[in-house]
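Q: Here you go, this is run-v7.csv (CSV, C-alpha atoms).
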```csv
chain,number,residue,atom,x,y,z
A,18,MET,CA,0.0,0.0,0.0
A,19,ALA,CA,1.2,3.4,-0.8
A,20,ASN,CA,0.5,6.4,1.5
A,21,ARG,CA,-3.2,5.8,1.5
A,22,GLU,CA,-4.9,3.3,3.8
A,23,ARG,CA,-7.1,0.8,1.9
A,24,GLU,CA,-10.7,1.4,2.7
A,25,ARG,CA,-12.3,-1.5,4.4
A,26,ARG,CA,-15.8,-2.5,3.3
A,27,ALA,CA,-18.1,-4.5,5.5
A,28,TYR,CA,-18.6,-8.1,4.4
A,29,ALA,CA,-21.4,-8.3,1.8
A,30,ALA,CA,-22.1,-4.5,2.0
A,31,GLU,CA,-23.1,-4.5,-1.6
A,32,THR,CA,-24.7,-7.9,-1.9
A,33,LYS,CA,-27.6,-8.4,-4.3
A,34,VAL,CA,-28.6,-11.7,-2.7
A,35,SER,CA,-32.1,-11.5,-1.2
A,36,THR,CA,-32.8,-12.2,2.4
A,37,GLU,CA,-35.0,-15.1,1.3
A,38,SER,CA,-32.2,-16.6,-0.7
A,39,SER,CA,-29.8,-16.2,2.3
A,40,ARG,CA,-32.3,-17.9,4.6
A,41,ALA,CA,-32.8,-20.8,2.2
A,42,GLU,CA,-29.0,-21.1,1.9
A,43,ILE,CA,-28.6,-21.3,5.6
A,44,GLU,CA,-31.2,-24.0,5.8
A,45,ARG,CA,-29.5,-26.0,3.0
A,46,THR,CA,-26.1,-25.6,4.7
A,47,LEU,CA,-27.5,-26.8,8.1
A,48,ARG,CA,-29.2,-29.8,6.5
A,49,SER,CA,-26.0,-30.7,4.6
A,50,TYR,CA,-24.3,-30.9,8.0
A,51,LYS,CA,-27.1,-33.2,9.4
A,52,ALA,CA,-29.2,-30.6,11.2
A,53,ASP,CA,-32.9,-31.0,11.2
A,54,GLY,CA,-36.0,-29.5,12.8
A,55,PHE,CA,-35.3,-26.3,10.9
A,56,GLY,CA,-37.5,-23.3,11.7
A,57,TYR,CA,-37.6,-19.5,11.3
A,58,ALA,CA,-39.4,-16.8,13.2
A,59,GLU,CA,-39.6,-13.0,13.0
A,60,ASP,CA,-40.8,-10.6,15.6
A,61,GLY,CA,-40.2,-7.0,14.7
A,62,VAL,CA,-36.4,-6.5,14.3
A,63,LYS,CA,-35.6,-9.8,15.9
A,64,VAL,CA,-35.2,-12.8,13.6
A,65,SER,CA,-34.5,-16.3,14.9
A,66,ILE,CA,-33.3,-19.5,13.1
A,67,PHE,CA,-34.0,-22.7,15.0
A,68,PHE,CA,-32.6,-26.1,14.3
A,69,ARG,CA,-31.6,-29.4,16.0
A,70,MET,CA,-28.0,-30.7,15.8
A,71,ALA,CA,-26.1,-33.2,17.9
A,72,SER,CA,-29.1,-33.7,20.1
A,73,ARG,CA,-29.3,-30.0,20.9
A,74,HIS,CA,-31.9,-27.4,20.1
A,75,ILE,CA,-30.2,-24.3,18.8
A,76,ARG,CA,-31.5,-20.8,18.2
A,77,LEU,CA,-29.5,-18.2,16.3
A,78,ASN,CA,-30.7,-14.7,16.8
A,79,LEU,CA,-30.3,-11.9,14.2
A,80,THR,CA,-31.2,-8.4,15.1
A,81,MET,CA,-32.3,-6.5,12.0
A,82,PRO,CA,-31.7,-2.8,11.6
A,83,GLU,CA,-34.6,-0.5,12.3
A,84,ARG,CA,-35.8,1.3,9.2
A,85,GLU,CA,-36.0,4.7,10.9
A,86,GLN,CA,-32.3,4.8,12.0
A,87,PRO,CA,-30.7,8.1,10.8
A,88,ALA,CA,-28.2,6.0,8.8
A,89,PHE,CA,-31.1,5.1,6.5
A,90,THR,CA,-33.3,8.2,6.8
A,91,GLU,CA,-30.8,11.0,6.6
A,92,TYR,CA,-27.9,12.2,4.5
A,93,ARG,CA,-25.6,15.2,4.8
A,94,ARG,CA,-24.4,17.8,2.4
A,95,GLY,CA,-21.8,20.0,4.0
A,96,SER,CA,-23.2,21.0,7.4
A,97,MET,CA,-26.8,20.4,6.4
A,98,THR,CA,-28.8,17.2,7.2
A,99,PHE,CA,-31.7,16.2,4.9
A,100,ARG,CA,-34.3,13.4,5.1
A,101,ARG,CA,-34.2,10.9,2.3
A,102,ALA,CA,-37.2,10.0,0.2
A,103,ASP,CA,-39.1,6.9,1.3
A,104,SER,CA,-37.8,5.0,-1.7
A,105,GLU,CA,-34.2,5.8,-0.8
A,106,ILE,CA,-34.8,4.9,2.9
A,107,ASP,CA,-36.1,1.5,1.8
A,108,LYS,CA,-33.2,1.0,-0.6
A,109,HIS,CA,-30.6,1.6,2.1
A,110,TRP,CA,-32.5,-0.3,4.8
A,111,LEU,CA,-33.1,-3.3,2.6
A,112,GLN,CA,-29.4,-3.4,1.7
A,113,ALA,CA,-28.4,-3.5,5.4
A,114,CYS,CA,-30.9,-6.3,5.9
A,115,ARG,CA,-29.5,-8.3,3.0
A,116,GLN,CA,-26.0,-7.7,4.3
A,117,ARG,CA,-26.8,-9.1,7.8
A,118,TRP,CA,-28.4,-12.2,6.3
A,119,ARG,CA,-25.2,-12.8,4.3
A,120,VAL,CA,-23.1,-12.4,7.4
A,121,LEU,CA,-25.2,-15.0,9.2
A,122,ALA,CA,-24.9,-17.4,6.3
A,123,LEU,CA,-21.1,-17.0,6.4
A,124,MET,CA,-21.0,-17.5,10.1
A,125,VAL,CA,-23.1,-20.7,10.0
A,126,ARG,CA,-21.0,-22.1,7.2
A,127,ALA,CA,-17.7,-21.2,9.0
A,128,LYS,CA,-18.8,-22.8,12.3
A,129,LEU,CA,-19.9,-26.0,10.5
A,130,GLU,CA,-16.8,-26.2,8.4
A,131,ALA,CA,-14.7,-25.9,11.6
A,132,VAL,CA,-16.7,-28.7,13.2
A,133,GLU,CA,-16.4,-30.9,10.1
A,134,ALA,CA,-12.6,-30.3,10.0
A,135,GLY,CA,-12.3,-31.4,13.7
A,136,VAL,CA,-11.1,-27.9,14.8
A,137,THR,CA,-14.0,-27.6,17.3
A,138,THR,CA,-17.3,-29.3,18.2
A,139,VAL,CA,-20.9,-28.6,17.6
A,140,GLU,CA,-21.3,-28.1,21.3
A,141,ASP,CA,-18.5,-25.6,21.6
A,142,GLU,CA,-19.5,-23.6,18.4
A,143,PHE,CA,-23.1,-23.3,19.3
A,144,LEU,CA,-22.9,-23.4,23.1
A,145,ALA,CA,-24.2,-19.8,23.6
A,146,SER,CA,-27.1,-20.5,21.2
A,147,THR,CA,-28.1,-23.8,22.7
A,148,MET,CA,-31.7,-23.6,24.0
A,149,MET,CA,-32.4,-24.5,27.6
A,150,PRO,CA,-35.7,-26.1,28.8
A,151,ASP,CA,-37.1,-22.6,29.7
A,152,GLY,CA,-36.6,-21.4,26.1
A,153,ALA,CA,-33.7,-19.1,26.9
A,154,THR,CA,-30.3,-19.8,25.3
A,155,VAL,CA,-27.3,-20.6,27.4
A,156,GLY,CA,-25.8,-17.2,26.3
A,157,GLU,CA,-28.9,-15.3,27.4
A,158,SER,CA,-28.9,-17.2,30.8
A,159,VAL,CA,-25.2,-16.6,31.4
A,160,LYS,CA,-25.3,-13.0,30.3
A,161,ARG,CA,-27.8,-12.2,33.1
A,162,GLN,CA,-25.5,-13.9,35.6
A,163,ILE,CA,-22.4,-12.1,34.3
A,164,ASP,CA,-24.2,-8.8,34.6
A,165,GLU,CA,-25.2,-9.6,38.2
A,166,ALA,CA,-21.6,-10.6,39.0
A,167,TYR,CA,-20.2,-7.3,37.8
A,168,ARG,CA,-23.0,-5.4,39.5
A,169,LEU,CA,-22.2,-7.1,42.8
A,170,GLY,CA,-18.4,-7.0,42.3
A,171,GLY,CA,-18.0,-10.7,42.8
A,172,MET,CA,-19.3,-14.1,41.9
A,173,PRO,CA,-22.9,-14.8,42.8
A,174,ARG,CA,-23.5,-18.1,44.6
A,175,PRO,CA,-24.0,-20.3,42.7
A,176,LEU,CA,-23.0,-19.2,39.3
A,177,MET,CA,-24.8,-21.7,37.2
A,178,ILE,CA,-27.4,-21.9,34.5
A,179,THR,CA,-30.9,-22.4,35.9
A,180,GLY,CA,-34.2,-23.1,34.2
A,181,SER,CA,-36.0,-20.6,36.4
A,182,GLY,CA,-35.3,-17.6,34.1
A,183,ARG,CA,-33.6,-15.6,36.9
```
Using C-alpha cells, write down the structure that the file contains.
A:
Amino acid sequence: MANRERERRAYAAETKVSTESSRAEIERTLRSYKADGFGYAEDGVKVSIFFRMASRHIRLNLTMPEREQPAFTEYRRGSMTFRRADSEIDKHWLQACRQRWRVLALMVRAKLEAVEAGVTTVEDEFLASTMMPDGATVGESVKRQIDEAYRLGGMPRPLMITGSGR
C-alpha cells in the first residue's frame, strides 16, 4: 500500500442476494451438516433461526436494523442534514438487511466447516445458542449472571445456569 490506507468495506455490504435466498442457503447448509428440525421466526427487528443438531436445540438470533435509523433516513451535504425520500430509505435499509443475512450465512458455514474439520465441536461452536428447557439460550442465561456478578463486584453463589429464568 502506498501512503493511502485501503478502505475496508463491511462483508457483503453491496450484496444483491435477497434475504429469502440467504435464509434458504442457511437451511441448505444446516441440512447438509445433518441438522434437522429447521424453523424460522420473525418478531419486529428480531429474527430467529431454529434447528436441532447433535441432540441439541439451537436458536441463532439476528437483530435487523430499524428502518427509521438516521443511517437510512438522513444524508448530509456539507453541514446540512436532509431526510431521504421513502424509496431511498427503503433501498438503504433493505441493503443493510441483505448484508446481515449474508453475514449470518457466512457465520453458520464457517462454524460448521470448523466442526467438520475437527477444529471444534458442535457443542462448543453453538454453546451460547443452545436452548435450555425454559426457552432461553445458554448465552442469554449466562449474560444475566455475568451482569449480576459485575453489579455485585463478585461471583454470585452459585453461578450456574438455571431453568427458572432468573
Q: Rounded to one decimal in Å, what is the spacing between atom CA of A:Thr80 and atom CA of A:Ala131?
A: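 A separation of 24.3 Å between them.
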Q: Nearest to A:Glu37: which of A:Trp110, A:Phe67, A:Trp118, A:Phe99 is it, counting only C-alpha atoms?
A: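 Closest to A:Glu37 of all the choices is A:Trp118.
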Q: Can you measure atom CA of A:Ser49 to atom CA of A:Met81 for me? One decimal in Å is fine.
A: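 About the pair atom CA of A:Ser49 and atom CA of A:Met81: they are 26.1 Å apart.
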Q: Which of these, A:Met97, A:Ala122, A:Leu144, A:Leu77, has the shortest distance to A:Val159 once you count all atoms listed in the file?
A: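 Checking each of A:Met97, A:Ala122, A:Leu144, A:Leu77 against A:Val159, counting all atoms listed in the file, the winner is A:Leu144.
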Q: Atom CA of A:Ser39 and atom CA of A:Met124 are how many Å apart?
A: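 About the pair atom CA of A:Ser39 and atom CA of A:Met124: they are 11.8 Å apart.
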Q: Which residue is closest to A:Gln112? Choose from A:Glu165, A:Val64, A:Pro82, A:Leu129 and count only C-alpha atoms.
A: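 For A:Gln112, the nearest of the candidates is A:Pro82.
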